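Chemist: One file: protein.cif (mmCIF, C-alpha atoms, pLDDT in the B column; chains and numbers go by the auth columns).
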```cif
data_target
loop_
_atom_site.group_PDB
_atom_site.id
_atom_site.type_symbol
_atom_site.label_atom_id
_atom_site.label_comp_id
_atom_site.label_asym_id
_atom_site.label_seq_id
_atom_site.Cartn_x
_atom_site.Cartn_y
_atom_site.Cartn_z
_atom_site.B_iso_or_equiv
_atom_site.auth_seq_id
_atom_site.auth_asym_id
ATOM 1 C CA MET A 1 -15.361 38.799 -16.021 50.00 1 A
ATOM 2 C CA ALA A 2 -12.596 39.932 -13.680 54.00 2 A
ATOM 3 C CA GLU A 3 -15.115 41.676 -11.378 62.00 3 A
ATOM 4 C CA ILE A 4 -17.340 38.639 -10.887 69.00 4 A
ATOM 5 C CA THR A 5 -14.559 36.163 -10.178 75.00 5 A
ATOM 6 C CA LYS A 6 -13.915 36.077 -6.454 77.00 6 A
ATOM 7 C CA PRO A 7 -10.270 35.882 -5.421 76.00 7 A
ATOM 8 C CA ARG A 8 -9.602 32.204 -4.882 72.00 8 A
ATOM 9 C CA PRO A 9 -7.407 30.967 -2.022 65.00 9 A
ATOM 10 C CA LYS A 10 -3.963 30.157 -3.301 68.00 10 A
ATOM 11 C CA PHE A 11 -3.272 27.328 -0.879 70.00 11 A
ATOM 12 C CA LEU A 12 -5.580 24.804 0.661 73.00 12 A
ATOM 13 C CA THR A 13 -5.120 25.447 4.367 76.00 13 A
ATOM 14 C CA LEU A 14 -6.836 22.324 5.627 76.00 14 A
ATOM 15 C CA THR A 15 -7.207 23.629 9.175 78.00 15 A
ATOM 16 C CA GLU A 16 -8.987 26.807 8.055 78.00 16 A
ATOM 17 C CA ILE A 17 -11.380 25.300 5.538 80.00 17 A
ATOM 18 C CA ARG A 18 -14.687 24.127 6.969 84.00 18 A
ATOM 19 C CA GLN A 19 -14.892 20.581 5.650 87.00 19 A
ATOM 20 C CA PRO A 20 -18.244 19.379 4.347 92.00 20 A
ATOM 21 C CA VAL A 21 -19.572 16.285 6.124 95.00 21 A
ATOM 22 C CA SER A 22 -18.822 14.032 3.120 95.00 22 A
ATOM 23 C CA ALA A 23 -15.185 15.168 3.234 95.00 23 A
ATOM 24 C CA ILE A 24 -15.041 14.205 6.910 96.00 24 A
ATOM 25 C CA VAL A 25 -16.500 10.757 6.122 97.00 25 A
ATOM 26 C CA SER A 26 -13.997 10.386 3.287 97.00 26 A
ATOM 27 C CA ILE A 27 -10.895 11.218 5.327 96.00 27 A
ATOM 28 C CA LEU A 28 -12.142 9.097 8.228 98.00 28 A
ATOM 29 C CA HIS A 29 -12.514 6.220 5.757 98.00 29 A
ATOM 30 C CA ARG A 30 -8.820 6.565 4.998 98.00 30 A
ATOM 31 C CA VAL A 31 -7.814 7.061 8.640 98.00 31 A
ATOM 32 C CA SER A 32 -9.868 4.072 9.817 98.00 32 A
ATOM 33 C CA GLY A 33 -8.448 1.899 7.038 98.00 33 A
ATOM 34 C CA ALA A 34 -4.889 2.880 7.925 98.00 34 A
ATOM 35 C CA GLY A 35 -5.553 2.233 11.610 98.00 35 A
ATOM 36 C CA LEU A 36 -7.012 -1.187 10.917 98.00 36 A
ATOM 37 C CA PHE A 37 -4.031 -2.061 8.719 98.00 37 A
ATOM 38 C CA LEU A 38 -1.542 -0.996 11.402 98.00 38 A
ATOM 39 C CA CYS A 39 -3.379 -3.030 14.069 98.00 39 A
ATOM 40 C CA LEU A 40 -3.760 -6.179 11.931 98.00 40 A
ATOM 41 C CA PRO A 41 -0.968 -8.107 13.731 98.00 41 A
ATOM 42 C CA PHE A 42 -2.617 -7.322 17.092 98.00 42 A
ATOM 43 C CA LEU A 43 -5.994 -8.521 15.790 98.00 43 A
ATOM 44 C CA ILE A 44 -4.632 -11.743 14.260 98.00 44 A
ATOM 45 C CA CYS A 45 -2.816 -12.390 17.532 98.00 45 A
ATOM 46 C CA LEU A 46 -6.100 -11.998 19.431 98.00 46 A
ATOM 47 C CA LEU A 47 -7.832 -14.367 16.978 97.00 47 A
ATOM 48 C CA GLN A 48 -5.081 -16.935 17.486 98.00 48 A
ATOM 49 C CA LEU A 49 -5.310 -16.706 21.290 98.00 49 A
ATOM 50 C CA SER A 50 -9.119 -16.828 21.269 97.00 50 A
ATOM 51 C CA LEU A 51 -9.077 -20.040 19.208 97.00 51 A
ATOM 52 C CA GLY A 52 -6.132 -21.656 20.973 96.00 52 A
ATOM 53 C CA SER A 53 -5.719 -23.819 24.083 96.00 53 A
ATOM 54 C CA PRO A 54 -7.571 -22.971 27.356 95.00 54 A
ATOM 55 C CA GLU A 55 -4.372 -21.226 28.573 97.00 55 A
ATOM 56 C CA ASN A 56 -4.303 -19.201 25.349 97.00 56 A
ATOM 57 C CA PHE A 57 -7.915 -18.286 25.958 97.00 57 A
ATOM 58 C CA GLN A 58 -7.097 -17.083 29.481 97.00 58 A
ATOM 59 C CA THR A 59 -4.354 -14.866 27.996 97.00 59 A
ATOM 60 C CA PHE A 60 -6.901 -13.595 25.468 97.00 60 A
ATOM 61 C CA LYS A 61 -9.338 -12.725 28.272 96.00 61 A
ATOM 62 C CA ALA A 62 -6.578 -10.994 30.247 97.00 62 A
ATOM 63 C CA ILE A 63 -5.604 -8.844 27.249 97.00 63 A
ATOM 64 C CA VAL A 64 -9.190 -7.973 26.374 95.00 64 A
ATOM 65 C CA GLY A 65 -9.831 -7.159 30.055 95.00 65 A
ATOM 66 C CA ASN A 66 -7.025 -4.606 30.160 96.00 66 A
ATOM 67 C CA PRO A 67 -8.541 -1.061 30.130 95.00 67 A
ATOM 68 C CA ILE A 68 -6.069 0.300 27.574 96.00 68 A
ATOM 69 C CA ALA A 69 -6.504 -2.689 25.278 97.00 69 A
ATOM 70 C CA LYS A 70 -10.249 -2.274 25.662 96.00 70 A
ATOM 71 C CA LEU A 71 -10.004 1.345 24.571 96.00 71 A
ATOM 72 C CA VAL A 72 -7.888 0.354 21.546 97.00 72 A
ATOM 73 C CA LEU A 73 -10.386 -2.385 20.681 97.00 73 A
ATOM 74 C CA PHE A 74 -13.345 0.009 20.903 98.00 74 A
ATOM 75 C CA GLY A 75 -11.414 2.335 18.597 98.00 75 A
ATOM 76 C CA LEU A 76 -10.807 -0.534 16.163 98.00 76 A
ATOM 77 C CA ILE A 77 -14.462 -1.603 16.325 98.00 77 A
ATOM 78 C CA TRP A 78 -15.434 1.964 15.439 98.00 78 A
ATOM 79 C CA ALA A 79 -12.821 1.983 12.652 98.00 79 A
ATOM 80 C CA TYR A 80 -14.213 -1.271 11.213 98.00 80 A
ATOM 81 C CA LEU A 81 -17.826 -0.087 11.424 98.00 81 A
ATOM 82 C CA HIS A 82 -17.046 3.326 9.945 98.00 82 A
ATOM 83 C CA HIS A 83 -15.041 1.728 7.122 98.00 83 A
ATOM 84 C CA PHE A 84 -17.931 -0.727 6.573 98.00 84 A
ATOM 85 C CA CYS A 85 -20.676 1.941 6.496 98.00 85 A
ATOM 86 C CA ALA A 86 -18.689 4.500 4.509 98.00 86 A
ATOM 87 C CA GLY A 87 -17.616 1.717 2.134 98.00 87 A
ATOM 88 C CA ILE A 88 -21.238 0.793 1.428 98.00 88 A
ATOM 89 C CA ARG A 89 -21.960 4.481 0.837 98.00 89 A
ATOM 90 C CA PHE A 90 -19.076 4.681 -1.662 97.00 90 A
ATOM 91 C CA LEU A 91 -20.257 1.528 -3.433 97.00 91 A
ATOM 92 C CA LEU A 92 -23.733 3.047 -3.781 97.00 92 A
ATOM 93 C CA LEU A 93 -22.215 6.305 -5.074 97.00 93 A
ATOM 94 C CA ASP A 94 -20.283 4.218 -7.628 95.00 94 A
ATOM 95 C CA LEU A 95 -23.655 2.864 -8.752 96.00 95 A
ATOM 96 C CA HIS A 96 -24.902 6.480 -9.028 96.00 96 A
ATOM 97 C CA ILE A 97 -27.238 6.029 -6.078 96.00 97 A
ATOM 98 C CA GLY A 98 -27.561 9.104 -3.832 95.00 98 A
ATOM 99 C CA VAL A 99 -25.172 11.309 -5.773 95.00 99 A
ATOM 100 C CA GLU A 100 -27.372 14.417 -5.420 96.00 100 A
ATOM 101 C CA LYS A 101 -26.031 16.830 -2.827 94.00 101 A
ATOM 102 C CA PRO A 102 -28.858 16.573 -0.240 96.00 102 A
ATOM 103 C CA GLN A 103 -28.870 12.742 -0.342 96.00 103 A
ATOM 104 C CA ALA A 104 -25.062 12.568 -0.295 97.00 104 A
ATOM 105 C CA ARG A 105 -24.956 14.855 2.764 96.00 105 A
ATOM 106 C CA ALA A 106 -27.674 12.861 4.491 97.00 106 A
ATOM 107 C CA SER A 107 -25.956 9.516 3.821 98.00 107 A
ATOM 108 C CA ALA A 108 -22.631 10.946 5.045 98.00 108 A
ATOM 109 C CA LYS A 109 -24.286 12.026 8.296 98.00 109 A
ATOM 110 C CA GLY A 110 -25.962 8.614 8.487 98.00 110 A
ATOM 111 C CA VAL A 111 -22.572 6.876 8.184 98.00 111 A
ATOM 112 C CA LEU A 112 -21.122 8.922 11.067 98.00 112 A
ATOM 113 C CA VAL A 113 -24.158 8.406 13.309 98.00 113 A
ATOM 114 C CA ILE A 114 -24.751 4.695 12.596 98.00 114 A
ATOM 115 C CA SER A 115 -21.115 3.635 13.028 98.00 115 A
ATOM 116 C CA LEU A 116 -20.810 5.601 16.289 98.00 116 A
ATOM 117 C CA ALA A 117 -24.145 4.264 17.574 98.00 117 A
ATOM 118 C CA ILE A 118 -23.273 0.598 16.893 98.00 118 A
ATOM 119 C CA THR A 119 -19.832 1.134 18.476 98.00 119 A
ATOM 120 C CA ALA A 120 -21.542 2.581 21.566 98.00 120 A
ATOM 121 C CA VAL A 121 -23.894 -0.418 21.788 97.00 121 A
ATOM 122 C CA ILE A 122 -21.018 -2.930 21.456 96.00 122 A
ATOM 123 C CA ALA A 123 -18.911 -0.999 23.997 96.00 123 A
ATOM 124 C CA ALA A 124 -21.843 -0.922 26.426 96.00 124 A
ATOM 125 C CA LYS A 125 -22.296 -4.676 26.000 94.00 125 A
ATOM 126 C CA PHE A 126 -18.566 -5.252 26.667 91.00 126 A
ATOM 127 C CA LEU A 127 -18.639 -3.034 29.740 92.00 127 A
ATOM 128 C CA GLY A 128 -21.612 -4.975 31.073 89.00 128 A
ATOM 129 C CA VAL A 129 -24.146 -2.152 30.872 89.00 129 A
ATOM 130 C CA PHE A 130 -26.751 -4.689 29.662 85.00 130 A
ATOM 131 C CA MET B 1 16.876 10.825 -21.764 60.00 1 B
ATOM 132 C CA LYS B 2 13.316 10.979 -20.582 64.00 2 B
ATOM 133 C CA ALA B 3 12.867 10.477 -16.844 66.00 3 B
ATOM 134 C CA ARG B 4 11.003 7.274 -16.025 63.00 4 B
ATOM 135 C CA ILE B 5 7.888 7.626 -13.919 62.00 5 B
ATOM 136 C CA VAL B 6 7.308 4.911 -11.337 59.00 6 B
ATOM 137 C CA VAL B 7 3.539 4.907 -11.700 60.00 7 B
ATOM 138 C CA GLY B 8 1.374 3.329 -14.312 60.00 8 B
ATOM 139 C CA ALA B 9 -2.064 3.599 -15.829 59.00 9 B
ATOM 140 C CA HIS B 10 -2.354 -0.123 -16.534 64.00 10 B
ATOM 141 C CA TYR B 11 -3.247 -1.401 -13.083 67.00 11 B
ATOM 142 C CA GLY B 12 -5.685 1.366 -12.164 77.00 12 B
ATOM 143 C CA LEU B 13 -8.980 -0.156 -13.282 84.00 13 B
ATOM 144 C CA LYS B 14 -8.110 -3.686 -12.235 89.00 14 B
ATOM 145 C CA ASP B 15 -7.246 -2.603 -8.692 90.00 15 B
ATOM 146 C CA TRP B 16 -10.205 -0.228 -8.480 91.00 16 B
ATOM 147 C CA LEU B 17 -12.456 -3.171 -9.345 94.00 17 B
ATOM 148 C CA ALA B 18 -10.615 -5.584 -7.042 95.00 18 B
ATOM 149 C CA GLN B 19 -10.980 -3.126 -4.163 96.00 19 B
ATOM 150 C CA ARG B 20 -14.740 -3.109 -4.662 97.00 20 B
ATOM 151 C CA ILE B 21 -15.150 -6.858 -5.183 97.00 21 B
ATOM 152 C CA THR B 22 -13.105 -7.623 -2.046 98.00 22 B
ATOM 153 C CA ALA B 23 -15.163 -4.983 -0.189 98.00 23 B
ATOM 154 C CA VAL B 24 -18.399 -6.780 -1.092 98.00 24 B
ATOM 155 C CA ILE B 25 -16.941 -10.161 -0.034 98.00 25 B
ATOM 156 C CA MET B 26 -15.878 -8.708 3.324 98.00 26 B
ATOM 157 C CA ALA B 27 -19.190 -6.899 3.852 98.00 27 B
ATOM 158 C CA LEU B 28 -21.138 -10.140 3.280 98.00 28 B
ATOM 159 C CA TYR B 29 -18.773 -12.052 5.594 98.00 29 B
ATOM 160 C CA THR B 30 -19.232 -9.379 8.270 98.00 30 B
ATOM 161 C CA LEU B 31 -23.004 -9.863 8.118 98.00 31 B
ATOM 162 C CA VAL B 32 -22.619 -13.665 8.384 97.00 32 B
ATOM 163 C CA LEU B 33 -20.263 -13.379 11.372 98.00 33 B
ATOM 164 C CA GLY B 34 -22.499 -10.772 12.988 97.00 34 B
ATOM 165 C CA ALA B 35 -25.527 -13.050 12.566 97.00 35 B
ATOM 166 C CA ALA B 36 -23.597 -16.024 14.020 97.00 36 B
ATOM 167 C CA ILE B 37 -22.695 -13.952 17.101 96.00 37 B
ATOM 168 C CA LEU B 38 -26.123 -12.333 17.518 95.00 38 B
ATOM 169 C CA PHE B 39 -28.426 -15.259 16.751 96.00 39 B
ATOM 170 C CA CYS B 40 -26.358 -18.456 17.226 95.00 40 B
ATOM 171 C CA GLY B 41 -24.424 -17.469 20.359 95.00 41 B
ATOM 172 C CA ALA B 42 -21.092 -18.002 18.595 95.00 42 B
ATOM 173 C CA ALA B 43 -19.303 -15.739 21.100 93.00 43 B
ATOM 174 C CA GLU B 44 -21.040 -17.106 24.220 94.00 44 B
ATOM 175 C CA SER B 45 -18.221 -19.531 25.088 95.00 45 B
ATOM 176 C CA GLN B 46 -14.858 -20.620 23.695 96.00 46 B
ATOM 177 C CA GLU B 47 -16.419 -23.970 22.673 96.00 47 B
ATOM 178 C CA ASN B 48 -18.993 -22.185 20.524 97.00 48 B
ATOM 179 C CA TRP B 49 -16.337 -19.819 19.161 97.00 49 B
ATOM 180 C CA ARG B 50 -14.042 -22.705 18.219 97.00 50 B
ATOM 181 C CA ALA B 51 -16.930 -24.719 16.809 97.00 51 B
ATOM 182 C CA LEU B 52 -17.819 -21.816 14.526 97.00 52 B
ATOM 183 C CA PHE B 53 -14.354 -21.744 12.943 97.00 53 B
ATOM 184 C CA THR B 54 -13.856 -25.536 12.984 96.00 54 B
ATOM 185 C CA ASN B 55 -16.842 -25.787 10.667 96.00 55 B
ATOM 186 C CA PRO B 56 -15.226 -26.523 7.266 95.00 56 B
ATOM 187 C CA LEU B 57 -17.491 -24.145 5.352 96.00 57 B
ATOM 188 C CA MET B 58 -16.880 -21.318 7.835 97.00 58 B
ATOM 189 C CA GLY B 59 -13.135 -22.054 7.738 96.00 59 B
ATOM 190 C CA MET B 60 -13.130 -21.756 3.967 96.00 60 B
ATOM 191 C CA VAL B 61 -15.257 -18.601 3.943 97.00 61 B
ATOM 192 C CA THR B 62 -13.045 -17.056 6.643 98.00 62 B
ATOM 193 C CA SER B 63 -9.930 -17.859 4.603 97.00 63 B
ATOM 194 C CA LEU B 64 -11.576 -16.167 1.629 98.00 64 B
ATOM 195 C CA PHE B 65 -12.259 -13.167 3.878 98.00 65 B
ATOM 196 C CA VAL B 66 -8.599 -13.079 4.940 98.00 66 B
ATOM 197 C CA VAL B 67 -7.374 -13.105 1.337 98.00 67 B
ATOM 198 C CA ALA B 68 -9.944 -10.443 0.349 98.00 68 B
ATOM 199 C CA LEU B 69 -8.890 -8.329 3.342 98.00 69 B
ATOM 200 C CA CYS B 70 -5.208 -8.465 2.440 98.00 70 B
ATOM 201 C CA TYR B 71 -5.809 -7.648 -1.234 97.00 71 B
ATOM 202 C CA HIS B 72 -8.133 -4.799 -0.192 98.00 72 B
ATOM 203 C CA ALA B 73 -5.602 -3.484 2.316 98.00 73 B
ATOM 204 C CA TRP B 74 -2.869 -3.657 -0.330 97.00 74 B
ATOM 205 C CA VAL B 75 -4.819 -1.407 -2.724 96.00 75 B
ATOM 206 C CA GLY B 76 -5.808 0.994 0.057 97.00 76 B
ATOM 207 C CA VAL B 77 -2.416 1.295 1.711 98.00 77 B
ATOM 208 C CA ARG B 78 -0.680 1.573 -1.670 96.00 78 B
ATOM 209 C CA ASP B 79 -3.015 4.483 -2.502 95.00 79 B
ATOM 210 C CA ILE B 80 -2.003 6.171 0.752 97.00 80 B
ATOM 211 C CA TRP B 81 1.718 5.817 -0.065 97.00 81 B
ATOM 212 C CA MET B 82 1.107 7.056 -3.623 94.00 82 B
ATOM 213 C CA ASP B 83 -0.772 10.110 -2.326 94.00 83 B
ATOM 214 C CA TYR B 84 1.612 11.235 0.394 95.00 84 B
ATOM 215 C CA VAL B 85 5.083 9.829 -0.317 96.00 85 B
ATOM 216 C CA LYS B 86 6.851 11.686 -3.104 94.00 86 B
ATOM 217 C CA PRO B 87 10.383 10.177 -3.354 96.00 87 B
ATOM 218 C CA ALA B 88 10.087 7.070 -5.544 94.00 88 B
ATOM 219 C CA SER B 89 12.731 5.134 -3.601 96.00 89 B
ATOM 220 C CA VAL B 90 10.969 5.621 -0.262 97.00 90 B
ATOM 221 C CA ARG B 91 7.599 4.841 -1.833 96.00 91 B
ATOM 222 C CA LEU B 92 8.886 1.676 -3.470 96.00 92 B
ATOM 223 C CA THR B 93 10.393 0.522 -0.174 97.00 93 B
ATOM 224 C CA LEU B 94 7.088 1.143 1.611 98.00 94 B
ATOM 225 C CA HIS B 95 5.232 -0.765 -1.136 97.00 95 B
ATOM 226 C CA VAL B 96 7.498 -3.773 -0.724 98.00 96 B
ATOM 227 C CA LEU B 97 7.252 -3.676 3.093 98.00 97 B
ATOM 228 C CA THR B 98 3.462 -3.443 2.878 98.00 98 B
ATOM 229 C CA LEU B 99 3.287 -6.386 0.467 97.00 99 B
ATOM 230 C CA VAL B 100 5.593 -8.530 2.589 98.00 100 B
ATOM 231 C CA ALA B 101 3.593 -7.702 5.733 98.00 101 B
ATOM 232 C CA LEU B 102 0.245 -8.460 4.103 98.00 102 B
ATOM 233 C CA VAL B 103 1.368 -11.768 2.566 98.00 103 B
ATOM 234 C CA GLY B 104 2.744 -12.695 5.996 98.00 104 B
ATOM 235 C CA TYR B 105 -0.506 -11.735 7.763 98.00 105 B
ATOM 236 C CA ALA B 106 -2.575 -13.739 5.260 98.00 106 B
ATOM 237 C CA ALA B 107 -0.373 -16.837 5.707 98.00 107 B
ATOM 238 C CA TRP B 108 -0.461 -16.444 9.502 98.00 108 B
ATOM 239 C CA ALA B 109 -4.265 -16.106 9.651 98.00 109 B
ATOM 240 C CA VAL B 110 -4.931 -18.969 7.223 97.00 110 B
ATOM 241 C CA ARG B 111 -2.528 -21.162 9.222 97.00 111 B
ATOM 242 C CA ILE B 112 -4.499 -20.446 12.414 97.00 112 B
ATOM 243 C CA LEU B 113 -7.705 -21.481 10.675 96.00 113 B
ATOM 244 C CA TRP B 114 -6.271 -24.610 9.038 93.00 114 B
ATOM 245 C CA ARG B 115 -4.748 -25.907 12.261 90.00 115 B
ATOM 246 C CA LEU B 116 -8.029 -25.939 14.161 86.00 116 B
#
```
Would you give me this structure, written as structure tokens?

Modeler:
Amino acid sequence: MAEITKPRPKFLTLTEIRQPVSAIVSILHRVSGAGLFLCLPFLICLLQLSLGSPENFQTFKAIVGNPIAKLVLFGLIWAYLHHFCAGIRFLLLDLHIGVEKPQARASAKGVLVISLAITAVIAAKFLGVF
Amino acid sequence: MKARIVVGAHYGLKDWLAQRITAVIMALYTLVLGAAILFCGAAESQENWRALFTNPLMGMVTSLFVVALCYHAWVGVRDIWMDYVKPASVRLTLHVLTLVALVGYAAWAVRILWRL
């Protein structure tokens, strides 16, 4: 038995392990959720301004027009979409749908691609590309 | 004396389920809001935007979304603290701060919607 057992790594050195794509989706689910939570006050503030008086709305437009705020918002839109897509994937896995390795890998890749693609489309729309 | 452990097995299933139910509520709401923006021009002007949320049904559904969001965030953020923060005193403090923040956010958002 001793000959067949490969020596196992004693510590999980996260930077040296090549993460499978589902692990990347999983940790990004956590990261995006944490990011959204931390930015909640900013988002509620934007909602309040967008629904407020015309002056409030002008402030809203000024904030959203700021390049840095725009970048943060694109990041948050990605975070929401990734959390949304990965969340649906997790719900399906809970229902034992797509639990086989090939399907699980494919759906994980799908989550990454779809959330990035929709973010790109929304960002392009905001930047006036179309 | 046996050391007390500040975690429990009792709330696990309930919160696991709540996290999923709130996720489904939010996912459905996201589709409704997305459809309103894409097909009804809800984001074309501030009038349309305000009209969308002044609608009593939409106001109610949005409030439901806000409550679902805060409950969902509570379970998720609590899991993060439980995974990475070892000292019970620090963890407990973070739990309380998270709860206070989320209850505050929910009240703030619902107030915005109710005052329209």

Chemist: Restricting the calculation to all atoms listed in the file, which member of B:His95, B:Tyr71, B:Trp49, B:Met82 is positioned closest to chain A?

Modeler: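 Closest candidate: B:Trp49.
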
Chemist: So which residues touch A:Lys101 within 12 Å, counting all atoms listed in the file, skipping near sequence neighbours fewer than 4 positions away, as a VMD selection string?

Modeler: chain A and resid 20 to 22 93 97 105 to 108

Chemist: Separation of atom CA of B:Phe53 and atom CA of A:Leu46, in Å?

Modeler: 14.3 Å

Chemist: Quick one: contact table of chain A to chain B, 8 Å max, nearest atom pair and distance in Å to one decimal per residue, counting only C-alpha atoms, chain and number order, as CSV?

Modeler:
```
residue,atom,partner,partner_atom,distance
A:Gly33,CA,B:Gly76,CA,7.5
A:Ala34,CA,B:Val77,CA,6.9
A:Phe37,CA,B:Ala73,CA,6.7
A:Leu40,CA,B:Tyr105,CA,7.7
A:Pro41,CA,B:Tyr105,CA,7.0
A:Ile44,CA,B:Ala109,CA,6.4
A:Gln48,CA,B:Ile112,CA,6.2
A:Ser50,CA,B:Gln46,CA,7.3
A:Leu51,CA,B:Arg50,CA,5.7
A:Phe57,CA,B:Gln46,CA,7.7
A:Phe84,CA,B:Ala27,CA,6.9
A:Gly87,CA,B:Ala23,CA,7.5
A:Leu91,CA,B:Arg20,CA,7.3
```

Chemist: Please provide the set of residues having any atom within 12 Å of B:Met60, restricted to only C-alpha atoms, with same-chain residues fewer than 3 positions apart removed, written as a VMD selection string.

Modeler: chain B and resid 29 52 to 57 63 to 67 109 to 111 113 to 114

Chemist: I'd like the box whose edges run along x, y and z of the file and which contains every listed atom of stretch 50-56 of chain A, padded by 4 Å per side; could you state its centre and edge lengths in Å, one decimal, as JSON?

Modeler:
```
{"center_x": -6.7, "center_y": -20.3, "center_z": 23.9, "size_x": 12.8, "size_y": 15.0, "size_z": 17.4}
```

Chemist: Evaluate the PyMOL selection byres ((chain A and resi 119) around 10) and record the selected residues as a list of chain:residue names, following the chain and residue labels used in the document.

Modeler: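 Checking the PyMOL selection byres ((chain A and resi 119) around 10) against this file, the residues are A:Phe74, A:Gly75, A:Leu76, A:Ile77, A:Trp78, A:Ala79, A:Tyr80, A:Leu81, A:His82, A:Val113, A:Ile114, A:Ser115, A:Leu116, A:Ala117, A:Ile118, A:Ala120, A:Val121, A:Ile122, A:Ala123, A:Ala124, A:Lys125.
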
Chemist: Choose the residue, out of A:Leu12, A:Leu49, A:Arg30, A:His96, that has the smallest atom-to-atom separation from B:Arg78; count all atoms listed in the file.

Modeler: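 Nearest candidate to B:Arg78 out of A:Leu12, A:Leu49, A:Arg30, A:His96: A:Arg30.
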
Chemist: Between atom CA of B:Gly12 and atom CA of A:Leu28, what is the spacing in Å?

Modeler: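 Result for atom CA of A:Leu28 versus atom CA of B:Gly12: 22.7 Å, one decimal.
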